[in-house]
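Colleague: my_file_27.tsv (TSV, C-alpha atoms) pasted underneath:
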```tsv
chain	number	residue	atom	x	y	z
A	46	MET	CA	0.00	0.00	0.00
A	47	LEU	CA	1.06	3.58	-0.64
A	48	PRO	CA	1.60	5.84	2.39
A	49	THR	CA	-1.14	8.29	3.35
A	50	ASP	CA	1.40	11.06	4.09
A	51	PRO	CA	2.38	12.69	0.73
A	52	ILE	CA	6.06	12.23	1.59
A	53	ALA	CA	7.39	10.95	4.88
A	54	PRO	CA	10.70	12.44	6.05
A	55	GLY	CA	13.52	10.26	4.78
A	56	ALA	CA	11.50	8.82	1.89
A	57	VAL	CA	11.93	9.24	-1.88
A	58	TRP	CA	9.24	9.43	-4.54
A	59	LEU	CA	10.14	8.88	-8.19
A	60	VAL	CA	7.57	11.11	-9.88
A	61	GLY	CA	6.58	11.07	-13.54
A	62	ALA	CA	6.60	14.65	-14.81
A	63	GLY	CA	4.85	13.68	-18.05
A	64	PRO	CA	5.74	15.07	-21.48
A	65	GLY	CA	6.08	18.67	-20.33
A	66	ASP	CA	2.66	20.29	-20.07
A	67	PRO	CA	1.89	20.76	-16.34
A	68	ASP	CA	-1.82	20.17	-17.05
A	69	LEU	CA	-0.92	16.53	-17.78
A	70	LEU	CA	0.48	15.87	-14.29
A	71	THR	CA	-1.44	13.55	-12.01
A	72	ARG	CA	-3.01	15.05	-8.91
A	73	ARG	CA	-0.71	12.90	-6.77
A	74	ALA	CA	2.33	14.29	-8.60
A	75	GLU	CA	1.24	17.84	-7.80
A	76	ARG	CA	0.77	16.99	-4.12
A	77	LEU	CA	4.18	15.33	-3.92
A	78	ILE	CA	5.94	18.26	-5.58
A	79	ALA	CA	4.22	20.68	-3.19
A	80	ALA	CA	5.27	18.63	-0.13
A	81	ALA	CA	8.94	18.06	-1.07
A	82	ASP	CA	11.92	19.54	0.75
A	83	ILE	CA	14.19	18.87	-2.22
A	84	VAL	CA	13.48	18.04	-5.89
A	85	PHE	CA	16.00	16.41	-8.21
A	86	TYR	CA	14.84	16.95	-11.79
A	87	ASP	CA	15.76	15.79	-15.29
A	88	ALA	CA	16.50	18.02	-18.27
A	89	LEU	CA	13.29	16.85	-19.97
A	90	VAL	CA	11.01	18.11	-17.20
A	91	GLY	CA	8.96	20.97	-18.65
A	92	PRO	CA	9.42	24.52	-17.32
A	93	GLY	CA	5.73	24.69	-16.39
A	94	VAL	CA	6.20	21.66	-14.15
A	95	LEU	CA	9.26	23.19	-12.50
A	96	ASP	CA	7.21	26.32	-11.79
A	97	LEU	CA	5.07	24.20	-9.45
A	98	ILE	CA	8.00	23.62	-7.10
A	99	PRO	CA	7.56	25.88	-4.04
A	100	GLU	CA	10.14	28.62	-3.50
A	101	ARG	CA	11.12	27.09	-0.15
A	102	THR	CA	12.05	23.80	-1.86
A	103	GLU	CA	15.61	23.15	-2.96
A	104	ARG	CA	16.00	22.33	-6.68
A	105	VAL	CA	18.80	20.19	-8.06
A	106	GLY	CA	19.20	19.69	-11.82
A	107	VAL	CA	20.54	16.25	-12.70
A	108	GLY	CA	19.71	16.22	-16.40
A	109	LYS	CA	21.13	13.99	-19.12
A	110	ARG	CA	20.72	15.09	-22.72
A	111	SER	CA	22.42	14.18	-26.00
A	112	GLY	CA	25.45	12.79	-24.21
A	113	ARG	CA	25.83	15.83	-21.96
A	114	HIS	CA	25.38	14.72	-18.37
A	115	SER	CA	25.31	17.21	-15.51
A	116	LYS	CA	25.64	14.22	-13.15
A	117	ASP	CA	26.40	10.57	-13.87
A	118	GLN	CA	23.97	7.92	-12.63
A	119	GLN	CA	26.09	6.80	-9.70
A	120	THR	CA	26.34	10.37	-8.44
A	121	ILE	CA	22.57	10.83	-8.75
A	122	ASP	CA	22.01	7.64	-6.76
A	123	GLN	CA	24.35	8.87	-4.03
A	124	MET	CA	22.66	12.29	-3.87
A	125	LEU	CA	19.21	10.73	-3.49
A	126	VAL	CA	20.43	8.43	-0.71
A	127	ALA	CA	22.21	11.26	1.11
A	128	ALA	CA	19.16	13.54	1.00
A	129	ALA	CA	16.85	10.81	2.29
A	130	LEU	CA	19.22	9.73	5.08
A	131	ALA	CA	19.36	13.39	6.16
A	132	GLY	CA	15.63	13.14	6.85
A	133	ARG	CA	14.47	15.21	3.90
A	134	ARG	CA	11.30	14.68	1.85
A	135	VAL	CA	12.69	13.85	-1.58
A	136	VAL	CA	11.08	14.00	-5.01
A	137	ARG	CA	12.95	12.72	-8.04
A	138	LEU	CA	11.19	14.25	-11.07
A	139	LYS	CA	11.55	12.23	-14.26
A	140	GLY	CA	10.34	13.25	-17.70
A	141	GLY	CA	7.47	11.11	-18.95
A	142	ASP	CA	6.81	7.98	-16.89
A	143	PRO	CA	9.40	6.54	-14.47
A	144	ALA	CA	8.73	3.03	-15.80
A	145	MET	CA	9.76	3.93	-19.36
A	146	PHE	CA	13.52	4.15	-20.10
A	147	ALA	CA	14.18	6.26	-17.01
A	148	ARG	CA	16.94	4.40	-15.11
A	149	THR	CA	14.39	3.84	-12.36
A	150	THR	CA	15.64	0.39	-11.38
A	151	GLU	CA	19.16	1.67	-10.68
A	152	GLU	CA	17.87	4.42	-8.40
A	153	MET	CA	15.42	2.18	-6.56
A	154	THR	CA	18.12	-0.44	-6.02
A	155	ALA	CA	20.51	2.14	-4.57
A	156	LEU	CA	17.81	3.54	-2.27
A	157	ARG	CA	16.57	0.17	-1.05
A	158	THR	CA	20.12	-1.03	-0.44
A	159	ALA	CA	20.57	2.00	1.81
A	160	GLY	CA	17.32	1.23	3.63
A	161	VAL	CA	15.46	4.22	2.16
A	162	PRO	CA	11.69	3.88	1.48
A	163	VAL	CA	11.02	4.58	-2.20
A	164	HIS	CA	7.77	4.83	-4.17
A	165	ILE	CA	6.73	5.55	-7.76
A	166	CYS	CA	4.16	8.04	-9.04
A	167	PRO	CA	3.44	7.29	-12.73
A	168	GLY	CA	3.27	9.90	-15.47
A	169	ILE	CA	2.10	10.20	-19.07
A	170	THR	CA	4.73	8.83	-21.43
A	171	ALA	CA	5.80	10.67	-24.60
A	172	ALA	CA	4.27	8.13	-26.99
A	173	SER	CA	0.82	8.71	-25.49
A	174	ALA	CA	1.26	12.49	-25.62
A	175	VAL	CA	2.27	12.42	-29.30
A	176	ALA	CA	-0.68	10.19	-30.20
A	177	ALA	CA	-3.06	12.53	-28.38
A	178	SER	CA	-1.72	15.63	-30.14
A	179	ALA	CA	-1.95	13.94	-33.53
A	180	GLY	CA	-5.47	12.68	-32.89
A	181	LEU	CA	-4.67	9.00	-33.32
A	182	SER	CA	-4.69	5.74	-31.39
A	183	LEU	CA	-1.52	3.66	-31.00
A	184	SER	CA	-3.64	0.53	-31.40
A	185	LEU	CA	-6.27	-0.03	-34.06
A	186	ARG	CA	-8.64	-2.98	-34.29
A	187	GLY	CA	-7.71	-5.27	-37.16
A	188	ILE	CA	-4.62	-3.21	-38.06
A	189	ALA	CA	-2.40	-2.69	-35.03
A	190	ARG	CA	-2.96	-5.31	-32.33
A	191	ARG	CA	0.29	-4.62	-30.48
A	192	VAL	CA	2.39	-1.64	-29.45
A	193	GLN	CA	6.14	-2.02	-28.93
A	194	PHE	CA	8.16	0.57	-27.01
A	195	ILE	CA	11.90	0.76	-27.66
A	196	THR	CA	14.71	3.20	-27.07
A	197	ALA	CA	17.08	4.00	-29.93
A	198	HIS	CA	19.71	5.28	-27.53
A	199	SER	CA	22.93	3.28	-27.62
A	200	ARG	CA	26.50	3.79	-26.53
A	201	ARG	CA	28.28	6.22	-28.79
A	202	GLY	CA	29.63	4.50	-31.90
A	203	GLN	CA	27.76	1.24	-31.29
A	204	ALA	CA	25.00	-0.15	-33.51
A	205	LEU	CA	21.56	-0.74	-32.05
A	206	ASP	CA	21.28	-4.24	-30.59
A	207	LEU	CA	17.63	-4.95	-31.39
A	208	ASN	CA	15.55	-7.86	-32.64
A	209	TRP	CA	14.66	-6.31	-35.99
A	210	ALA	CA	12.60	-9.30	-37.13
A	211	ALA	CA	10.30	-8.90	-34.12
A	212	LEU	CA	10.09	-5.14	-34.57
A	213	ALA	CA	9.26	-5.31	-38.30
A	214	ASP	CA	5.69	-6.44	-37.64
A	215	PRO	CA	3.12	-4.78	-39.94
A	216	ALA	CA	0.38	-5.46	-37.37
A	217	CYS	CA	2.19	-3.45	-34.67
A	218	THR	CA	2.82	0.18	-33.80
A	219	LEU	CA	6.46	0.82	-32.95
A	220	ALA	CA	7.16	3.72	-30.58
A	221	VAL	CA	10.82	4.75	-30.69
A	222	TYR	CA	12.16	6.97	-27.93
A	223	MET	CA	15.25	9.13	-28.60
A	224	GLY	CA	15.11	8.07	-32.23
A	225	ARG	CA	16.35	11.07	-34.22
A	226	ASP	CA	20.02	10.14	-34.54
A	227	ALA	CA	19.18	6.49	-35.17
A	228	ALA	CA	16.70	7.26	-37.97
A	229	PRO	CA	18.93	5.98	-40.83
A	230	GLU	CA	19.59	2.71	-39.01
A	231	LEU	CA	15.93	2.31	-38.04
A	232	SER	CA	14.80	2.78	-41.62
A	233	ARG	CA	17.42	0.51	-43.14
A	234	ALA	CA	17.10	-2.32	-40.62
A	235	LEU	CA	13.30	-2.40	-40.50
A	236	ILE	CA	13.01	-2.45	-44.29
A	237	ALA	CA	15.68	-5.16	-44.49
A	238	ALA	CA	13.65	-7.17	-41.96
A	239	GLY	CA	10.59	-7.03	-44.20
A	240	LEU	CA	8.65	-3.88	-43.25
A	241	SER	CA	7.43	-1.91	-46.26
A	242	GLY	CA	9.20	1.34	-47.07
A	243	ALA	CA	5.75	2.90	-47.46
A	244	THR	CA	4.88	2.24	-43.78
A	245	PRO	CA	3.49	5.45	-42.24
A	246	VAL	CA	5.73	7.32	-39.77
A	247	LEU	CA	5.06	10.21	-37.43
A	248	ILE	CA	7.99	12.14	-35.95
A	249	ALA	CA	7.38	14.56	-33.09
A	250	CYS	CA	9.39	16.58	-30.63
A	251	ASP	CA	8.46	18.60	-27.54
A	252	ALA	CA	5.12	16.80	-27.32
A	253	SER	CA	2.42	18.73	-25.41
A	254	LEU	CA	4.46	21.96	-25.29
A	255	PRO	CA	3.74	25.19	-27.22
A	256	GLN	CA	6.77	24.56	-29.46
A	257	GLU	CA	5.68	21.02	-30.35
A	258	GLN	CA	6.52	19.98	-33.91
A	259	ARG	CA	5.24	17.00	-35.88
A	260	LEU	CA	6.04	15.61	-39.30
A	261	ARG	CA	4.29	12.79	-41.15
A	262	THR	CA	6.42	10.76	-43.51
A	263	ARG	CA	7.09	7.12	-44.50
A	264	LEU	CA	9.70	4.63	-43.42
A	265	ASP	CA	11.96	4.91	-46.47
A	266	LEU	CA	12.03	8.72	-46.11
A	267	LEU	CA	12.60	8.68	-42.34
A	268	PRO	CA	16.35	9.52	-42.45
A	269	LEU	CA	15.67	12.67	-44.49
A	270	ALA	CA	12.63	13.71	-42.46
A	271	ALA	CA	14.42	13.26	-39.11
A	272	ARG	CA	16.95	15.91	-40.08
A	273	SER	CA	14.17	18.50	-39.82
A	274	PHE	CA	14.40	18.21	-36.04
A	275	ALA	CA	17.14	19.70	-33.87
A	276	GLN	CA	19.54	17.16	-32.43
A	277	ASP	CA	19.16	18.35	-28.85
A	278	ARG	CA	15.35	18.17	-28.70
A	279	PRO	CA	13.43	15.15	-27.33
A	280	THR	CA	12.17	13.29	-30.40
A	281	MET	CA	9.65	10.46	-30.64
A	282	ILE	CA	9.11	8.33	-33.75
A	283	LEU	CA	5.91	6.33	-34.25
A	284	ILE	CA	5.96	3.70	-37.01
A	285	GLY	CA	3.05	1.60	-38.27
A	286	GLU	CA	-0.25	1.58	-40.16
A	287	ALA	CA	-2.15	3.03	-37.18
A	288	VAL	CA	-0.06	6.19	-37.55
A	289	ALA	CA	-1.91	6.94	-40.82
A	290	GLN	CA	-5.05	7.61	-38.78
A	291	GLY	CA	-5.84	10.92	-37.10
A	292	ASP	CA	-6.48	14.35	-38.48
A	293	GLY	CA	-3.06	15.90	-37.94
A	294	MET	CA	-3.27	19.68	-37.80
A	295	ALA	CA	-6.95	19.77	-36.87
A	296	ALA	CA	-6.32	17.65	-33.76
A	297	MET	CA	-3.71	20.02	-32.42
A	298	PRO	CA	-4.72	22.92	-30.13
A	299	ASP	CA	-4.43	26.38	-31.67
A	300	ARG	CA	-1.35	27.22	-29.62
A	301	HIS	CA	0.50	24.38	-31.38
A	302	ALA	CA	-0.80	24.79	-34.93
A	303	ALA	CA	1.93	27.07	-36.25
A	304	ALA	CA	4.61	24.57	-35.23
A	305	CYS	CA	3.22	21.65	-37.25
A	306	TYR	CA	5.13	20.62	-40.35
A	307	PRO	CA	3.28	19.55	-43.50
A	308	PRO	CA	3.43	15.89	-44.57
A	309	VAL	CA	6.35	14.64	-46.61
A	310	SER	CA	5.16	13.37	-49.98
```
Will you turn the file into structure tokens for me?

Modeller:
Amino acid sequence: MLPTDPIAPGAVWLVGAGPGDPDLLTRRAERLIAAADIVFYDALVGPGVLDLIPERTERVGVGKRSGRHSKDQQTIDQMLVAAALAGRRVVRLKGGDPAMFARTTEEMTALRTAGVPVHICPGITAASAVAASAGLSLSLRGIARRVQFITAHSRRGQALDLNWAALADPACTLAVYMGRDAAPELSRALIAAGLSGATPVLIACDASLPQEQRLRTRLDLLPLAARSFAQDRPTMILIGEAVAQGDGMAAMPDRHAAACYPPVS
């Protein structure tokens, strides 16, 4: 069972900050942020979410982005443990959902090894936010019966170690996190594994934020289309027949409309 106290002294909550828009936070996440003595936050946490942190609360940026790490993972683990053992109410804000490619297991292991109580507050993951903005469903009866979530992040200079045959399923939607730099390899490997080059693709960055950008394309044009997005911006790639659904620009709120790219033909 979860504790009734928002945060007990000496405990840590790993809180999903969602895709960036503070309106997409859970009510529990808001309560935890308001009750924290110290908040450790990632680079992908939206500025509107950070604005919810009370002035009395200490903020510590521990972001990792495009190979530029303000703190390595071991240091982050040690900082979380130290803050909790000092009796502070600790929130660890993670972009998206803590259960999705967020190094959550490493942090929980370090905290539990030190005897620190740790809990998770889920958040909306980027794939869901992109689908909502584009007005589409990741699954589609009779067309996309499965959704696969992968990260295209690999050690610098190393090829992606993925089961391409399993990923090249025409009856599946493939959601690729951190996929911009890997776009040429994704396109080449998926087509080589049997997926049609005409498979619909949606690329998006800064999902849910005013500067959100989206681009519809196809798998064989993915490497070219991905270059339209800045290297240092969080980019999601959705691949599959379900991506062809939705009404694109019309589904996006007015504050986002000017940032939407036209489809690639």

Colleague: Hey, what's within 8 Å of range 50-59 of chain A if we count only C-alpha atoms and toss same-chain stuff fewer than 4 positions away? As a list in words, please?

Modeller: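 Counting only the stated atoms, we get Arg76, Leu77, Ala80, Ala81, Leu125, Ala128, Ala129, Leu130, Ala131, Gly132, Arg133, Arg134, Val135, Val136, Arg137, Leu138, Lys139, Pro143, Thr149, Val161, Pro162, Val163, His164, Ile165 and Cys166 of chain A.
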
Colleague: Counting all atoms listed in the file, what are the residues of range 165-203 of chain A within 6 Å of range 209-217 of chain A, and for each of them which pair of atoms is the nearest and at what distance in Å, to one decimal? Sort the table by chain and rising number, as a Markdown table.

Modeller:
```
| residue | atom | partner | partner_atom | distance |
| --- | --- | --- | --- | --- |
| A:Ile188 | CA | A:Ala216 | CA | 5.5 |
| A:Ala189 | CA | A:Ala216 | CA | 4.6 |
| A:Arg190 | CA | A:Cys217 | CA | 6.0 |
| A:Arg191 | CA | A:Cys217 | CA | 4.7 |
| A:Val192 | CA | A:Cys217 | CA | 5.5 |
```

Colleague: Next, the residues of the selection above should be written as a short mmCIF file (atom, residue, chain, number, x, y, z; two decimals), keeping the file's coordinate frame with C-alpha atoms.

Modeller:
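Written out: result-v3.cif:
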```cif
data_model
loop_
_atom_site.label_atom_id
_atom_site.label_comp_id
_atom_site.auth_asym_id
_atom_site.auth_seq_id
_atom_site.Cartn_x
_atom_site.Cartn_y
_atom_site.Cartn_z
CA ILE A 188 -4.62 -3.21 -38.06
CA ALA A 189 -2.40 -2.69 -35.03
CA ARG A 190 -2.96 -5.31 -32.33
CA ARG A 191 0.29 -4.62 -30.48
CA VAL A 192 2.39 -1.64 -29.45
#
```

Colleague: Determine the nearest neighbour of Glu286 in chain A from the options A:Arg148, A:Arg101, A:Arg263, A:His198, counting all atoms listed in the file.

Modeller: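 Nearest candidate to Glu286 in chain A out of A:Arg148, A:Arg101, A:Arg263, A:His198: A:Arg263.
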
Colleague: Would you work out the distance separating CA of Gly285 in chain A from CA of Leu69 in chain A, expressed in Å to one decimal?

Modeller: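 These two atoms are separated by 25.7 Å.
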
Colleague: What does the distance between CA of Tyr86 in chain A and CA of Met124 in chain A come to in Å, to one decimal place?

Modeller: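 Result for CA of Tyr86 in chain A versus CA of Met124 in chain A: 12.1 Å, one decimal.
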
Colleague: I'd like the neighbourhood of Leu231 in chain A as a short mmCIF file (atom, residue, chain, number, x, y, z; two decimals) with C-alpha atoms, keeping the file's coordinate frame, where a residue qualifies if any of its atoms comes within 9 Å (using all atoms listed in the file), though same-chain residues fewer than 2 positions away should be ignored.

Modeller:
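part_12.cif was written with the following content:
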```
data_model
loop_
_atom_site.label_atom_id
_atom_site.label_comp_id
_atom_site.auth_asym_id
_atom_site.auth_seq_id
_atom_site.Cartn_x
_atom_site.Cartn_y
_atom_site.Cartn_z
CA ALA A 197 17.08 4.00 -29.93
CA LEU A 205 21.56 -0.74 -32.05
CA TRP A 209 14.66 -6.31 -35.99
CA GLY A 224 15.11 8.07 -32.23
CA ALA A 227 19.18 6.49 -35.17
CA ALA A 228 16.70 7.26 -37.97
CA PRO A 229 18.93 5.98 -40.83
CA ARG A 233 17.42 0.51 -43.14
CA ALA A 234 17.10 -2.32 -40.62
CA LEU A 235 13.30 -2.40 -40.50
CA ILE A 236 13.01 -2.45 -44.29
CA LEU A 264 9.70 4.63 -43.42
CA LEU A 267 12.60 8.68 -42.34
CA PRO A 268 16.35 9.52 -42.45
#
```

Colleague: Give me, please, the distance in Å between CA of Gly140 in chain A and CA of Thr102 in chain A, quoted to one decimal.

Modeller: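 According to the coordinates, CA of Gly140 in chain A and CA of Thr102 in chain A are separated by 19.1 Å.
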
Colleague: Neighbouring residues of Ala171 in chain A were defined as those with any atom within 6 Å, considering all atoms listed in the file; residues of the same chain fewer than 2 positions away were excluded. Please report them as number ranges by chain.

Modeller: A: 64, 141, 173-174
